[in-house]
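**Q** Here you go, this is coords32.txt (compact mmCIF, C-alpha atoms).
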```
# COMPACT_ATOMS: atom_id res chain seq x y z
CA MET A 1 -23.82 -2.59 13.97
CA ASN A 2 -24.81 -5.71 12.08
CA ILE A 3 -24.99 -6.13 8.35
CA VAL A 4 -28.65 -5.06 8.04
CA GLN A 5 -28.05 -1.74 9.77
CA LEU A 6 -24.91 -1.22 7.76
CA SER A 7 -26.55 -1.80 4.39
CA LEU A 8 -29.54 0.39 5.30
CA PHE A 9 -27.15 3.11 6.33
CA ALA A 10 -25.18 2.80 3.09
CA VAL A 11 -28.32 2.84 0.92
CA ALA A 12 -29.61 5.93 2.77
CA GLY A 13 -26.26 7.63 2.21
CA VAL A 14 -26.31 6.76 -1.49
CA LEU A 15 -29.85 8.05 -1.96
CA LEU A 16 -29.02 11.32 -0.22
CA ALA A 17 -25.87 11.63 -2.31
CA MET A 18 -27.92 11.07 -5.47
CA VAL A 19 -30.23 13.94 -4.51
CA LEU A 20 -27.28 16.25 -4.02
CA LYS A 21 -25.23 15.04 -6.98
CA LYS A 22 -27.21 16.90 -9.62
CA GLU A 23 -27.19 20.37 -8.07
CA ARG A 24 -24.03 20.29 -5.95
CA PRO A 25 -21.65 17.43 -6.92
CA GLU A 26 -19.16 18.28 -4.15
CA TYR A 27 -21.73 17.44 -1.46
CA GLY A 28 -22.28 14.06 -3.07
CA ILE A 29 -18.60 13.25 -2.80
CA ILE A 30 -18.35 14.46 0.79
CA LEU A 31 -21.41 12.40 1.67
CA SER A 32 -19.95 9.24 0.12
CA MET A 33 -16.70 9.91 1.99
CA VAL A 34 -18.55 10.12 5.30
CA VAL A 35 -20.40 6.87 4.57
CA CYS A 36 -17.08 5.15 3.81
CA VAL A 37 -15.59 6.46 7.06
CA CYS A 38 -18.54 5.24 9.11
CA ILE A 39 -18.40 1.79 7.52
CA PHE A 40 -14.70 1.66 8.16
CA PHE A 41 -15.15 2.42 11.84
CA SER A 42 -17.44 -0.61 12.17
CA VAL A 43 -14.89 -2.69 10.23
CA VAL A 44 -12.08 -1.66 12.59
CA GLY A 45 -13.74 -3.30 15.57
CA ARG A 46 -13.92 -6.64 13.81
CA LEU A 47 -10.48 -6.23 12.27
CA SER A 48 -8.69 -5.69 15.60
CA ILE A 49 -10.24 -8.90 16.98
CA LEU A 50 -9.12 -10.73 13.84
CA LEU A 51 -5.59 -9.36 14.14
CA GLU A 52 -5.32 -10.42 17.79
CA SER A 53 -6.31 -14.01 16.99
CA VAL A 54 -3.93 -14.13 14.03
CA ASN A 55 -1.21 -12.85 16.37
CA ARG A 56 -1.88 -15.68 18.78
CA LEU A 57 -1.75 -18.18 15.91
CA ARG A 58 1.54 -16.69 14.83
CA GLU A 59 3.08 -17.47 18.22
CA LEU A 60 2.09 -21.11 17.78
CA ALA A 61 3.61 -21.29 14.31
CA THR A 62 6.81 -19.56 15.58
CA MET A 63 6.78 -17.30 12.52
CA ASP A 64 9.11 -14.31 12.71
CA ALA A 65 7.30 -11.18 14.06
CA GLY A 66 8.95 -9.00 11.43
CA TYR A 67 7.30 -10.79 8.55
CA PHE A 68 3.88 -10.56 10.17
CA ARG A 69 4.40 -6.83 10.70
CA THR A 70 5.31 -6.31 7.04
CA ILE A 71 2.21 -8.23 5.98
CA LEU A 72 0.14 -6.03 8.27
CA LYS A 73 1.74 -2.89 6.82
CA MET A 74 1.04 -4.07 3.31
CA ILE A 75 -2.62 -4.66 4.14
CA GLY A 76 -2.79 -1.22 5.69
CA ILE A 77 -1.19 0.48 2.71
CA THR A 78 -3.51 -1.36 0.31
CA TYR A 79 -6.57 -0.42 2.33
CA VAL A 80 -5.69 3.28 2.59
CA ALA A 81 -4.70 3.44 -1.08
CA GLU A 82 -7.91 1.65 -2.12
CA PHE A 83 -9.97 4.14 -0.11
CA ALA A 84 -8.28 7.14 -1.71
CA VAL A 85 -8.24 5.67 -5.23
CA ASN A 86 -11.94 4.83 -5.28
CA LEU A 87 -12.84 8.20 -3.84
CA CYS A 88 -10.85 10.00 -6.54
CA LYS A 89 -12.41 7.79 -9.22
CA ASP A 90 -15.89 8.62 -7.85
CA ALA A 91 -15.08 12.29 -8.10
CA GLY A 92 -13.99 11.72 -11.70
CA TYR A 93 -10.27 12.39 -11.26
CA SER A 94 -8.85 9.08 -12.42
CA THR A 95 -5.39 10.53 -13.15
CA ILE A 96 -4.88 11.35 -9.46
CA ALA A 97 -6.24 7.91 -8.62
CA SER A 98 -3.66 6.22 -10.81
CA GLN A 99 -0.88 8.27 -9.19
CA ILE A 100 -1.98 7.12 -5.74
CA GLU A 101 -2.15 3.56 -7.01
CA MET A 102 1.36 3.83 -8.43
CA PHE A 103 2.70 5.19 -5.14
CA SER A 104 1.06 2.43 -3.12
CA LYS A 105 2.43 -0.30 -5.39
CA ILE A 106 5.94 1.08 -5.11
CA SER A 107 5.77 1.41 -1.33
CA ILE A 108 4.53 -2.18 -1.04
CA LEU A 109 7.41 -3.33 -3.24
CA LEU A 110 9.76 -1.39 -0.99
CA LEU A 111 8.37 -3.28 2.00
CA ALA A 112 8.82 -6.62 0.27
CA LEU A 113 12.46 -5.94 -0.66
CA PRO A 114 14.11 -7.24 2.56
CA VAL A 115 11.99 -10.38 2.42
CA ILE A 116 13.10 -11.06 -1.15
CA GLU A 117 16.73 -10.46 -0.21
CA ALA A 118 16.48 -12.86 2.72
CA PHE A 119 14.97 -15.43 0.39
CA LEU A 120 17.74 -15.01 -2.18
CA ASP A 121 20.41 -15.31 0.53
CA LEU A 122 18.75 -18.53 1.64
CA ILE A 123 18.92 -19.92 -1.90
CA ALA A 124 22.52 -18.78 -2.26
CA THR A 125 23.56 -20.61 0.93
CA VAL A 126 21.64 -23.75 -0.05
CA ALA A 127 22.96 -23.80 -3.62
CA ALA A 128 26.55 -22.91 -2.82
CA MET B 1 -23.42 9.64 15.82
CA SER B 2 -22.67 8.57 12.28
CA VAL B 3 -26.18 8.50 10.89
CA ASN B 4 -27.13 12.02 11.80
CA MET B 5 -23.86 13.27 10.35
CA ILE B 6 -25.16 12.05 7.00
CA PHE B 7 -28.48 13.83 7.46
CA LYS B 8 -26.74 17.03 8.60
CA ILE B 9 -24.60 17.13 5.47
CA ALA B 10 -27.58 16.39 3.24
CA ALA B 11 -29.59 19.11 4.98
CA VAL B 12 -26.81 21.67 4.48
CA GLY B 13 -26.49 20.62 0.85
CA ILE B 14 -30.18 20.96 0.11
CA LEU B 15 -30.44 24.26 2.01
CA VAL B 16 -27.49 25.73 0.12
CA THR B 17 -28.97 24.63 -3.21
CA ILE B 18 -32.34 26.21 -2.44
CA LEU B 19 -30.81 29.43 -1.16
CA GLY B 20 -28.56 29.54 -4.21
CA GLN B 21 -31.53 29.20 -6.55
CA VAL B 22 -33.52 31.87 -4.71
CA LEU B 23 -30.61 34.30 -4.71
CA LYS B 24 -29.85 33.59 -8.37
CA HIS B 25 -33.41 34.30 -9.44
CA SER B 26 -33.49 37.49 -7.36
CA GLY B 27 -30.46 38.70 -9.26
CA ARG B 28 -27.76 38.43 -6.56
CA GLU B 29 -25.37 36.04 -8.25
CA GLU B 30 -22.36 36.60 -5.99
CA HIS B 31 -24.42 36.05 -2.81
CA ALA B 32 -25.43 32.65 -4.14
CA PHE B 33 -21.80 31.75 -4.64
CA LEU B 34 -20.88 32.97 -1.16
CA ILE B 35 -23.69 30.93 0.36
CA SER B 36 -22.54 27.75 -1.36
CA LEU B 37 -18.98 28.44 -0.26
CA ALA B 38 -20.07 28.94 3.34
CA GLY B 39 -22.07 25.71 3.25
CA LEU B 40 -19.09 23.84 1.88
CA VAL B 41 -16.77 25.20 4.55
CA LEU B 42 -19.26 24.27 7.27
CA VAL B 43 -19.54 20.70 5.98
CA LEU B 44 -15.78 20.41 5.67
CA LEU B 45 -15.44 21.59 9.29
CA TRP B 46 -17.60 18.65 10.33
CA VAL B 47 -15.98 16.09 8.05
CA VAL B 48 -12.26 16.81 8.38
CA PRO B 49 -11.86 15.72 12.06
CA TYR B 50 -13.84 12.65 11.16
CA ILE B 51 -11.44 11.75 8.35
CA TYR B 52 -8.47 12.52 10.63
CA ASP B 53 -9.80 9.99 13.15
CA LEU B 54 -10.07 7.43 10.38
CA PHE B 55 -6.46 7.77 9.31
CA GLU B 56 -5.33 7.91 12.94
CA THR B 57 -7.04 4.58 13.67
CA MET B 58 -5.62 3.09 10.51
CA GLN B 59 -2.14 4.11 11.53
CA THR B 60 -2.41 2.61 14.99
CA LEU B 61 -4.15 -0.52 13.73
CA PHE B 62 -1.76 -1.39 10.91
CA GLU B 63 1.33 0.09 12.61
CA LEU B 64 2.03 2.09 9.47
```
Is it possible to express this structure as structure tokens?
**A**
Amino acid sequence: MNIVQLSLFAVAGVLLAMVLKKERPEYGIILSMVVCVCIFFSVVGRLSILLESVNRLRELATMDAGYFRTILKMIGITYVAEFAVNLCKDAGYSTIASQIEMFSKISILLLALPVIEAFLDLIATVAA
Amino acid sequence: MSVNMIFKIAAVGILVTILGQVLKHSGREEHAFLISLAGLVLVLLWVVPYIYDLFETMQTLFEL
């Protein structure tokens, strides 16, 4: 599924959603959701290849596996939250979107906490 | 697989709209509402497993 097919598919989805948006808005939203899901499935193929190569690079750089996993989790949380937030904004419910955004920010901060603590301990040992 | 899902949903949407209009003009308001509800449920039946697959893949991919 190369970029030309993908963009044609997206434009077709948008046009169909436009037709349905006037009479039945809920079908427009469902249609845009399905287009997003299809595009994501073609992204996943490329993403897993990317992640494998980054994993191999990580072994070379002897970086701790835990940190790489937290980075991966953060990317995942951002991606899922972005998907839900934009969908809610499309449907016109921006309050729900901001709640999801708030939750995703807090959960990312929660993930980053141990890394920050490790960093502060490092500084404490160096300074003291 | 993915492209005809789009056309199926659009077809159901358009069909429900037309049927709704016809029923409205022939005076049966509640039938029109029932038809649109049935169409929505049908589309949701198609879409929900699709969305579930998406979040399942995300979870395995990002080890959430």
**Q** Per residue of chain B within 7 Å of chain A, record the nearest atom pair and its distance in Å to one decimal, counting only C-alpha atoms, with rows in chain order and ascending residue number, as a tab-separated table.
**A**
```
residue	atom	partner	partner_atom	distance
B:Ser2	CA	A:Cys38	CA	6.2
B:Ile6	CA	A:Leu31	CA	6.5
B:Ile9	CA	A:Leu31	CA	6.9
B:Ala10	CA	A:Leu16	CA	6.3
B:Gly13	CA	A:Tyr27	CA	6.2
B:Ile14	CA	A:Leu20	CA	6.9
B:Thr17	CA	A:Glu23	CA	6.7
B:Ile51	CA	A:Val37	CA	6.8
B:Leu54	CA	A:Val37	CA	6.5
B:Phe62	CA	A:Gly76	CA	5.3
B:Glu63	CA	A:Lys73	CA	6.5
B:Leu64	CA	A:Lys73	CA	5.6
```
**Q** So the first atom is atom CA of Gly20 of chain B and the second is atom CA of Leu45 of chain B; what is the distance between them in Å, to one decimal place?
**A**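 Computed distance, atom CA of Gly20 of chain B to atom CA of Leu45 of chain B, equals 20.4 Å.
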**Q** At a cut-off of 8 Å, using only C-alpha atoms, what residues contact Ala81 of chain A? Leave out same-chain residues fewer than 2 positions from it and give the result as a ChimeraX atom specification.
**A** /A:77-79,83-85,100-101,104
**Q** Kindly give the distance, in Å, that separates atom CA of Ile35 of chain B and atom CA of Leu19 of chain B, rounded to a single decimal.
**A**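 Interatomic distance, atom CA of Ile35 of chain B to atom CA of Leu19 of chain B: 7.4 Å.
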**Q** Atom CA of Gln99 of chain A to atom CA of Thr57 of chain B: how many Å, to one decimal?
**A**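 Atom-to-atom, atom CA of Gln99 of chain A and atom CA of Thr57 of chain B are spaced 24.0 Å apart.
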**Q** Counting all atoms listed in the file, which residue out of B:Gln21, B:Glu56, B:Pro49, B:Val43 sits closest to Phe7 of chain B?
**A**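 Comparing B:Gln21, B:Glu56, B:Pro49, B:Val43 against Phe7 of chain B, the winner is B:Val43.
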**Q** In terms of the shortest atom-to-atom distance over all atoms listed in the file, which of A:Ile29, A:Leu60, A:Leu109, A:Leu120 is closest to Gly92 of chain A?
**A**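 Going through A:Ile29, A:Leu60, A:Leu109, A:Leu120 one by one, the smallest distance to Gly92 of chain A is for A:Ile29.
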